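K.L.:
Pasting model-v3.txt here (compact mmCIF, C-alpha atoms and all ligand atoms):
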# COMPACT_ATOMS: atom_id res chain seq x y z
CA MET A 1 16.58 -2.30 6.86
CA GLN A 2 18.67 -5.06 8.48
CA GLN A 3 15.84 -5.71 10.94
CA ARG A 4 13.58 -6.12 7.93
CA GLY A 5 15.87 -8.72 6.40
CA VAL A 6 17.60 -6.51 3.83
CA GLN A 7 21.38 -6.22 3.72
CA CYS A 8 22.35 -2.76 2.51
CA ALA A 9 24.70 0.10 3.33
CA ALA A 10 23.63 3.58 4.42
CA THR A 11 24.82 4.78 1.00
CA ASP A 12 22.15 2.61 -0.67
CA VAL A 13 19.37 4.50 1.14
CA LEU A 14 17.95 7.71 -0.31
CA VAL A 15 15.86 9.71 2.15
CA THR A 16 12.78 11.23 0.55
CA ASN A 17 9.75 13.37 1.31
CA GLY A 18 7.58 10.43 2.25
CA SER A 19 7.40 7.29 0.15
CA GLN A 20 5.09 9.20 -2.19
CA GLN A 21 8.17 11.00 -3.49
CA VAL A 22 9.76 7.64 -4.28
CA LEU A 23 6.83 6.89 -6.57
CA ASP A 24 7.23 10.26 -8.26
CA LEU A 25 11.00 9.84 -8.74
CA VAL A 26 10.78 6.22 -9.87
CA GLY A 27 8.06 7.18 -12.34
CA LYS A 28 10.19 10.00 -13.74
CA LEU A 29 13.19 7.69 -14.03
CA PHE A 30 11.53 4.77 -15.80
CA LEU A 31 8.40 5.98 -17.57
CA ASN A 32 7.75 7.60 -20.92
CA PRO A 33 4.22 8.13 -22.28
CA GLY A 34 2.65 4.80 -23.19
CA ASP A 35 5.04 2.70 -21.08
CA VAL A 36 3.49 -0.15 -19.15
CA VAL A 37 3.49 -0.61 -15.37
CA LEU A 38 2.31 -3.93 -13.93
CA THR A 39 0.22 -3.53 -10.77
CA GLU A 40 -2.20 -5.21 -8.47
CA ASN A 41 -5.75 -4.33 -9.40
CA PRO A 42 -6.99 -2.46 -7.35
CA THR A 43 -3.87 -0.56 -6.29
CA TYR A 44 -2.85 2.52 -4.28
CA LEU A 45 -4.73 5.56 -5.55
CA ALA A 46 -1.80 7.99 -5.41
CA ALA A 47 0.50 5.54 -7.22
CA ILE A 48 -2.04 5.56 -10.04
CA GLN A 49 -1.92 9.37 -9.95
CA ALA A 50 1.90 9.48 -9.90
CA PHE A 51 2.28 7.14 -12.87
CA GLN A 52 -0.74 8.44 -14.79
CA THR A 53 0.73 11.94 -14.71
CA LEU A 54 3.56 10.45 -16.77
CA GLU A 55 1.00 8.90 -19.15
CA ALA A 56 1.86 5.33 -18.21
CA LYS A 57 -0.44 2.42 -19.04
CA PHE A 58 -1.50 0.04 -16.27
CA VAL A 59 -1.67 -3.70 -16.81
CA PRO A 60 -3.14 -5.71 -13.95
CA VAL A 61 -1.44 -8.87 -12.67
CA PRO A 62 -3.87 -11.58 -11.50
CA THR A 63 -4.19 -11.77 -7.70
CA ASP A 64 -5.94 -13.96 -5.16
CA GLU A 65 -6.23 -13.99 -1.36
CA HIS A 66 -2.45 -14.55 -1.12
CA GLY A 67 -1.53 -11.58 -3.32
CA LEU A 68 0.02 -11.46 -6.81
CA VAL A 69 0.18 -14.71 -8.76
CA PRO A 70 3.84 -14.88 -9.93
CA SER A 71 3.23 -17.57 -12.55
CA ALA A 72 1.20 -15.03 -14.54
CA LEU A 73 4.22 -12.77 -14.96
CA PRO A 74 6.31 -14.33 -17.76
CA GLU A 75 3.45 -14.03 -20.24
CA LEU A 76 2.67 -10.44 -19.19
CA ILE A 77 6.34 -9.50 -19.43
CA ALA A 78 6.63 -10.99 -22.93
CA LYS A 79 3.44 -9.31 -24.11
CA HIS A 80 3.75 -5.83 -22.57
CA ARG A 81 7.47 -5.26 -21.92
CA PRO A 82 6.66 -3.43 -18.66
CA LYS A 83 9.07 -0.85 -17.24
CA PHE A 84 8.44 -2.20 -13.76
CA LEU A 85 6.07 -4.05 -11.46
CA TYR A 86 4.61 -1.88 -8.70
CA THR A 87 3.47 -3.88 -5.68
CA ILE A 88 2.45 -3.37 -2.04
CA PRO A 89 3.17 -6.80 -0.52
CA ASN A 90 2.14 -6.08 3.11
CA PHE A 91 -1.49 -5.30 3.99
CA GLN A 92 -2.00 -3.92 0.53
CA ASN A 93 -3.68 -0.59 -0.02
CA PRO A 94 -6.62 -0.89 -0.54
CA THR A 95 -7.36 -4.61 -0.03
CA GLY A 96 -5.31 -5.42 3.10
CA VAL A 97 -4.03 -8.60 1.39
CA THR A 98 -0.47 -9.83 2.11
CA LEU A 99 1.78 -11.59 -0.39
CA ILE A 100 2.90 -14.94 1.03
CA ALA A 101 6.63 -15.74 1.43
CA GLU A 102 6.86 -18.41 -1.32
CA ARG A 103 5.45 -15.95 -3.83
CA ARG A 104 7.90 -13.23 -2.78
CA ARG A 105 10.79 -15.57 -3.43
CA GLU A 106 9.25 -16.64 -6.72
CA LEU A 107 8.68 -13.03 -7.78
CA ALA A 108 12.33 -12.21 -7.08
CA ARG A 109 13.38 -15.26 -9.09
CA ILE A 110 11.18 -14.38 -12.08
CA ALA A 111 12.30 -10.75 -11.93
CA ALA A 112 15.94 -11.89 -12.04
CA GLU A 113 15.27 -14.26 -14.93
CA HIS A 114 13.51 -11.61 -17.02
CA GLY A 115 15.34 -8.48 -15.86
CA LEU A 116 12.09 -7.08 -14.45
CA VAL A 117 12.39 -4.12 -12.09
CA ILE A 118 10.14 -4.39 -9.01
CA VAL A 119 9.06 -1.33 -7.03
CA GLU A 120 8.23 -2.73 -3.60
CA ASP A 121 6.17 -0.20 -1.63
CA ASP A 122 6.03 -1.13 2.06
CA PRO A 123 4.53 1.57 4.27
CA TYR A 124 2.58 -0.83 6.48
CA GLY A 125 4.95 -3.78 7.11
CA LYS A 126 5.67 -2.76 10.72
CA LEU A 127 1.96 -2.71 11.54
CA ARG A 128 1.45 -6.48 11.71
CA TYR A 129 -0.89 -7.47 14.55
CA ALA A 130 -1.51 -11.12 13.59
CA GLY A 131 0.34 -13.98 11.86
CA GLU A 132 4.05 -14.29 11.10
CA ALA A 133 6.27 -11.53 9.70
CA VAL A 134 7.46 -12.18 6.14
CA PRO A 135 10.70 -10.71 4.71
CA PRO A 136 10.38 -8.18 1.90
CA ILE A 137 10.80 -9.26 -1.75
CA LYS A 138 14.05 -7.24 -1.59
CA HIS A 139 15.39 -9.90 0.80
CA TRP A 140 15.59 -12.31 -2.16
CA ASP A 141 16.84 -9.73 -4.68
CA GLU A 142 20.21 -10.95 -5.95
CA ARG A 143 20.50 -8.76 -9.04
CA GLY A 144 19.58 -5.39 -7.53
CA LEU A 145 16.31 -5.23 -9.46
CA VAL A 146 14.07 -4.48 -6.46
CA LEU A 147 13.62 -0.89 -5.30
CA TYR A 148 12.33 -1.06 -1.73
CA ALA A 149 10.41 1.98 -0.42
CA SER A 150 9.14 2.65 3.08
CA THR A 151 8.20 5.56 5.32
CA PHE A 152 7.84 6.88 8.85
CA SER A 153 4.35 8.14 8.01
CA LYS A 154 2.58 5.13 9.49
CA THR A 155 4.86 4.60 12.48
CA ILE A 156 5.80 8.14 13.62
CA ALA A 157 3.71 10.80 11.87
CA PRO A 158 2.55 11.36 8.28
CA GLY A 159 3.13 15.11 8.62
CA LEU A 160 6.89 14.55 8.99
CA ARG A 161 7.05 13.63 5.29
CA LEU A 162 9.95 11.21 5.78
CA GLY A 163 10.41 8.13 3.68
CA TRP A 164 13.23 6.29 1.94
CA VAL A 165 14.14 4.04 -0.93
CA VAL A 166 16.82 1.35 -1.10
CA ALA A 167 18.19 0.94 -4.61
CA SER A 168 21.20 -0.53 -6.39
CA PRO A 169 24.05 1.99 -6.96
CA GLU A 170 23.15 2.27 -10.66
CA VAL A 171 19.55 3.27 -9.93
CA PHE A 172 20.43 5.20 -6.76
CA SER A 173 22.69 7.66 -8.60
CA ARG A 174 19.93 8.49 -11.07
CA LEU A 175 17.27 8.83 -8.37
CA LEU A 176 19.61 11.15 -6.50
CA ILE A 177 19.85 13.50 -9.50
CA LEU A 178 16.06 13.46 -9.90
CA LYS A 179 15.68 14.16 -6.18
CA GLN A 180 18.07 17.09 -6.39
CA ALA A 181 16.22 18.47 -9.40
CA SER A 182 12.98 18.16 -7.50
CA ASP A 183 13.83 19.59 -4.05
CA LEU A 184 17.61 19.35 -3.41
CA HIS A 185 17.16 17.29 -0.25
CA THR A 186 14.71 16.31 2.45
CA SER A 187 14.55 18.73 5.37
CA SER A 188 17.50 17.98 7.65
CA PHE A 189 15.56 19.45 10.57
CA ASP A 190 12.78 16.88 10.08
CA GLN A 191 15.37 14.12 9.74
CA ARG A 192 16.90 15.17 13.07
CA VAL A 193 13.48 15.17 14.70
CA ALA A 194 12.91 11.62 13.50
CA HIS A 195 16.42 10.61 14.55
CA ALA A 196 15.86 11.99 18.05
CA PHE A 197 12.49 10.27 18.27
CA LEU A 198 13.94 6.94 17.17
CA THR A 199 17.03 7.07 19.37
CA GLN A 200 15.48 8.57 22.51
CA ASN A 201 12.46 6.27 22.60
CA ASP A 202 12.06 2.55 22.54
CA GLN A 203 10.53 2.02 19.11
CA SER A 204 9.32 -1.46 19.98
CA VAL A 205 7.17 -0.07 22.83
CA HIS A 206 5.52 2.45 20.50
CA LEU A 207 5.03 -0.12 17.74
CA ASP A 208 3.61 -2.71 20.15
CA LYS A 209 1.13 -0.13 21.37
CA ILE A 210 -0.17 0.86 17.93
CA ARG A 211 -0.14 -2.74 16.67
CA ARG A 212 -2.23 -3.85 19.63
CA ALA A 213 -4.67 -0.96 19.16
CA TYR A 214 -5.04 -1.61 15.42
CA GLY A 215 -5.49 -5.36 15.95
CA ASP A 216 -8.22 -4.74 18.53
CA ARG A 217 -9.92 -2.22 16.29
CA PHE A 218 -9.84 -4.58 13.33
CA GLN A 219 -11.52 -7.27 15.47
CA ILE A 220 -14.18 -4.81 16.58
CA MET A 221 -14.89 -3.68 13.02
CA ASP A 222 -14.96 -7.29 11.79
CA GLU A 223 -17.42 -8.28 14.53
CA ALA A 224 -19.58 -5.22 13.88
CA LEU A 225 -19.66 -5.95 10.15
CA ARG A 226 -20.65 -9.57 10.82
CA ALA A 227 -23.42 -8.41 13.12
CA GLU A 228 -24.74 -5.57 10.98
CA MET A 229 -24.11 -5.91 7.26
CA PRO A 230 -26.87 -7.26 5.01
CA ALA A 231 -26.36 -10.41 2.91
CA GLY A 232 -24.24 -10.00 -0.21
CA PHE A 233 -21.35 -8.13 1.43
CA SER A 234 -17.96 -9.71 2.17
CA TRP A 235 -14.65 -8.24 3.35
CA THR A 236 -10.97 -9.04 3.78
CA LYS A 237 -9.36 -9.98 7.10
CA PRO A 238 -5.97 -8.23 7.04
CA GLU A 239 -3.23 -9.32 9.48
CA GLY A 240 -1.98 -5.74 9.80
CA GLY A 241 -2.21 -2.25 8.42
CA MET A 242 -5.09 0.17 8.68
CA PHE A 243 -7.98 -0.87 6.48
CA LEU A 244 -10.14 -3.62 5.11
CA TRP A 245 -11.83 -3.96 1.75
CA ILE A 246 -15.51 -4.61 1.32
CA THR A 247 -17.03 -6.21 -1.75
CA GLY A 248 -20.72 -5.48 -2.13
CA PRO A 249 -23.31 -6.92 -4.49
CA GLN A 250 -22.98 -6.16 -8.23
CA GLY A 251 -24.79 -2.93 -8.96
CA LEU A 252 -23.83 -1.31 -5.65
CA ASP A 253 -22.77 2.29 -6.27
CA GLY A 254 -20.06 3.15 -3.73
CA LEU A 255 -20.19 6.86 -4.60
CA LYS A 256 -23.91 7.06 -3.96
CA LEU A 257 -23.38 5.19 -0.72
CA LEU A 258 -20.68 7.67 0.31
CA GLU A 259 -22.92 10.68 -0.40
CA ARG A 260 -25.51 9.30 1.99
CA ALA A 261 -22.96 8.11 4.54
CA ILE A 262 -21.36 11.56 4.78
CA THR A 263 -24.70 13.09 5.78
CA ARG A 264 -24.62 10.68 8.75
CA GLN A 265 -21.03 11.44 9.68
CA VAL A 266 -19.58 8.21 8.27
CA ALA A 267 -16.71 8.31 5.79
CA PHE A 268 -14.92 5.65 3.73
CA VAL A 269 -13.08 5.60 0.42
CA PRO A 270 -15.15 4.33 -2.51
CA GLY A 271 -13.40 1.49 -4.34
CA ARG A 272 -13.67 2.99 -7.82
CA ASP A 273 -10.61 5.23 -7.37
CA PHE A 274 -8.26 2.31 -6.74
CA PHE A 275 -8.79 0.83 -10.20
CA PRO A 276 -6.66 2.32 -13.00
CA ALA A 277 -9.25 1.29 -15.59
CA GLU A 278 -12.98 0.87 -15.11
CA GLY A 279 -14.66 -1.21 -12.38
CA GLY A 280 -14.67 -1.22 -8.63
CA ALA A 281 -17.95 0.63 -7.99
CA ASN A 282 -19.16 -2.10 -5.64
CA HIS A 283 -16.13 -1.89 -3.32
CA LEU A 284 -15.43 0.26 -0.24
CA ARG A 285 -12.22 0.75 1.74
CA LEU A 286 -12.85 1.08 5.46
CA ASN A 287 -10.27 2.42 7.92
CA PHE A 288 -10.24 0.87 11.39
CA SER A 289 -7.02 2.33 12.88
CA ASN A 290 -8.23 5.85 13.52
CA SER A 291 -11.50 5.55 15.46
CA THR A 292 -12.40 4.45 18.96
CA PRO A 293 -14.22 1.11 19.40
CA GLU A 294 -17.51 2.93 20.13
CA ARG A 295 -17.27 5.01 16.99
CA ILE A 296 -16.36 1.95 14.90
CA ARG A 297 -19.45 0.08 16.15
CA GLU A 298 -21.70 3.08 15.59
CA GLY A 299 -20.17 3.85 12.17
CA VAL A 300 -20.66 0.28 10.94
CA LYS A 301 -24.24 0.29 12.22
CA ARG A 302 -25.00 3.48 10.26
CA LEU A 303 -23.23 2.17 7.15
CA ALA A 304 -25.21 -1.08 7.25
CA THR A 305 -28.47 0.86 7.59
CA ILE A 306 -27.63 2.94 4.51
CA CYS A 307 -26.72 -0.23 2.57
CA ARG A 308 -30.14 -1.69 3.40
CA GLU A 309 -31.89 1.58 2.47
CA LEU A 310 -30.10 1.75 -0.87
CA ALA A 311 -30.93 -1.88 -1.64
CA ALA A 312 -34.59 -1.18 -0.93
CA SER A 313 -34.80 2.05 -2.99
C1 LIG B 1 0.78 2.13 -0.48
C2 LIG B 1 1.22 3.50 -0.10
N1 LIG B 1 2.34 3.98 -0.63
C3 LIG B 1 2.79 5.20 -0.31
C4 LIG B 1 2.08 6.02 0.54
C5 LIG B 1 2.61 7.40 0.80
O1 LIG B 1 2.99 7.60 2.09
P1 LIG B 1 3.97 8.75 2.55
O2 LIG B 1 4.29 9.59 1.37
O3 LIG B 1 3.24 9.51 3.59
O4 LIG B 1 5.18 8.05 3.06
C6 LIG B 1 0.89 5.56 1.12
C7 LIG B 1 0.10 6.42 2.02
O5 LIG B 1 -1.03 6.21 2.31
C8 LIG B 1 0.45 4.26 0.78
O6 LIG B 1 -0.69 3.75 1.27
Can you present the structure in this file as structure tokens?
P.N.:
Amino acid sequence: MQQRGVQCAATDVLVTNGSQQVLDLVGKLFLNPGDVVLTENPTYLAAIQAFQTLEAKFVPVPTDEHGLVPSALPELIAKHRPKFLYTIPNFQNPTGVTLIAERRRELARIAAEHGLVIVEDDPYGKLRYAGEAVPPIKHWDERGLVLYASTFSKTIAPGLRLGWVVASPEVFSRLLILKQASDLHTSSFDQRVAHAFLTQNDQSVHLDKIRRAYGDRFQIMDEALRAEMPAGFSWTKPEGGMFLWITGPQGLDGLKLLERAITRQVAFVPGRDFFPAEGGANHLRLNFSNSTPERIREGVKRLATICRELAAS
């Protein structure tokens, strides 16, 4: 956490079963049916699931290519009395957009002024392959209102199920009780495996390797999209993470596109599922971290062909 620009003690860090468990615990702690959560729109599918299970209401915060627009918050806070703001500031899932530093500072300031809790979900921050690293919002958190969550899922292995949350003592003690009620503790065997991996290997070598690979693969996908996609499609250019976000023409049906794509061995996540309310049918989330350059080129070619076929039908 110190490397990430957050001063905290080991006793401020609760180890969890992936960062997904943080969302579950935080939801249980703060949300009653009908309570409002502020989010980016679109936002992480399984955060929607975690908070929807608790019958929360989602209110979108305006965003642009630099992430959340902090100046929109005071009005939303006054109108909806949200229990917290849930945000993914680095290489957001699903859009790949990163919140710029000035806005992080401003968000922390507004949160402090209004007593707004921020749940900062940062699974991808270590996967930056371009641009300058930016400290987390938690870096500017003077009142202990920011709960910072991260995970080893994207840097070691998702199957380990190891994540953590940094919270103020007041929140920590309550999360700890919820964690105990849920599963007593996170597997100490798995924690030792991660500890051995982190102490017996040079993390920076491993991270450099995956960052370089992901950066190259993003470039290849971006070039392939530019070469292949029909007019009317645009996409984000993330500086890290694992995916980019395509916006297609109005009327595009991402689900229909997926049905056809699957028959040609191409998969993506249709955008619809990342929107708590309606909308999003004309968006697709494409992963570039997992496939070889050849498969990325071939996959994009097939996807573009299906897009043209659908437009013509
Ligand atoms: C934004 C975000 N938060 C949380 C998670 C959950 O990750 P894990 O529970 O594996 O740490 C993911 C996984 O994809 C994610 O994209």
K.L.:
Would you mind listing the residues within 9 Å of ligand LIG 1 (chain B), counting all atoms listed in the file, as a PyMOL selection string?
P.N.:
chain A and resi 16-23+43-47+87-88+91-94+121-124+149-154+157-164
K.L.:
Please identify all polymer residues lying at most 12 Å from the point (-2.6, -11.0, -8.6) (file coordinates), using only C-alpha atoms, and present the result as a PyMOL selection string.
P.N.:
chain A and resi 38-43+59-73+76+85-89+92+95+97-100+103+107
K.L.:
Hey, which of A:Gln3, A:Ser234, A:Thr292, A:Gln49 ends up closest to Val134 of chain A? Count only C-alpha atoms.
P.N.:
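Among the listed residues, the smallest separation from Val134 of chain A belongs to A:Gln3.
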K.L.:
For Ala196 of chain A, which residue among A:Cys8, A:Leu284, A:Ile156, A:Val37 is the nearest when counting all atoms listed in the file?
P.N.:
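Closest to Ala196 of chain A, using all atoms listed in the file: A:Ile156.
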K.L.:
Residues within 12 Å of Leu184 of chain A, please, as a VMD selection string. Count only C-alpha atoms; anything in the same chain fewer than 5 positions from it doesn't count.
P.N.:
chain A and resid 15 to 17 175 to 179
K.L.:
Atom CA of Val205 of chain A and atom CA of Ala9 of chain A are how many Å apart?
P.N.:
26.2 Å
K.L.:
Edge lengths and centre in Å to one decimal, as AutoDock Vina command-line options, of the axis-aligned box that encloses all listed atoms of segment 246-262 of chain A with 4 Å added on every side?
P.N.:
--center_x -20.5 --center_y 2.3 --center_z -2.1 --size_x 18.0 --size_y 26.5 --size_z 21.7
K.L.:
Using all atoms listed in the file, pick whichever of A:Leu207, A:Ala181, A:Ile306, A:Leu147 has the shortest atom-to-atom distance to Pro169 of chain A.
P.N.:
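Among A:Leu207, A:Ala181, A:Ile306, A:Leu147, it is A:Leu147 that comes nearest to Pro169 of chain A.
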K.L.:
Quick one: pull the distance between atom CA of Glu120 of chain A and atom CA of Val146 of chain A, Å, one decimal.
P.N.:
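Computing the Euclidean distance for atom CA of Glu120 of chain A and atom CA of Val146 of chain A yields 6.7 Å.
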K.L.:
Find the residue from A:Pro270, A:Gly96, A:Gly27, A:Gly280 that sits nearest to Gly251 of chain A; use only C-alpha atoms when measuring.
P.N.:
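Closest candidate: A:Gly280.
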K.L.:
Which residue out of A:Gly240, A:Gly232, A:Pro293, A:Gly5 has the minimum interatomic distance to Arg211 of chain A when all atoms listed in the file are used?
P.N.:
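Between A:Gly240, A:Gly232, A:Pro293, A:Gly5, the residue approaching Arg211 of chain A most closely is A:Gly240.
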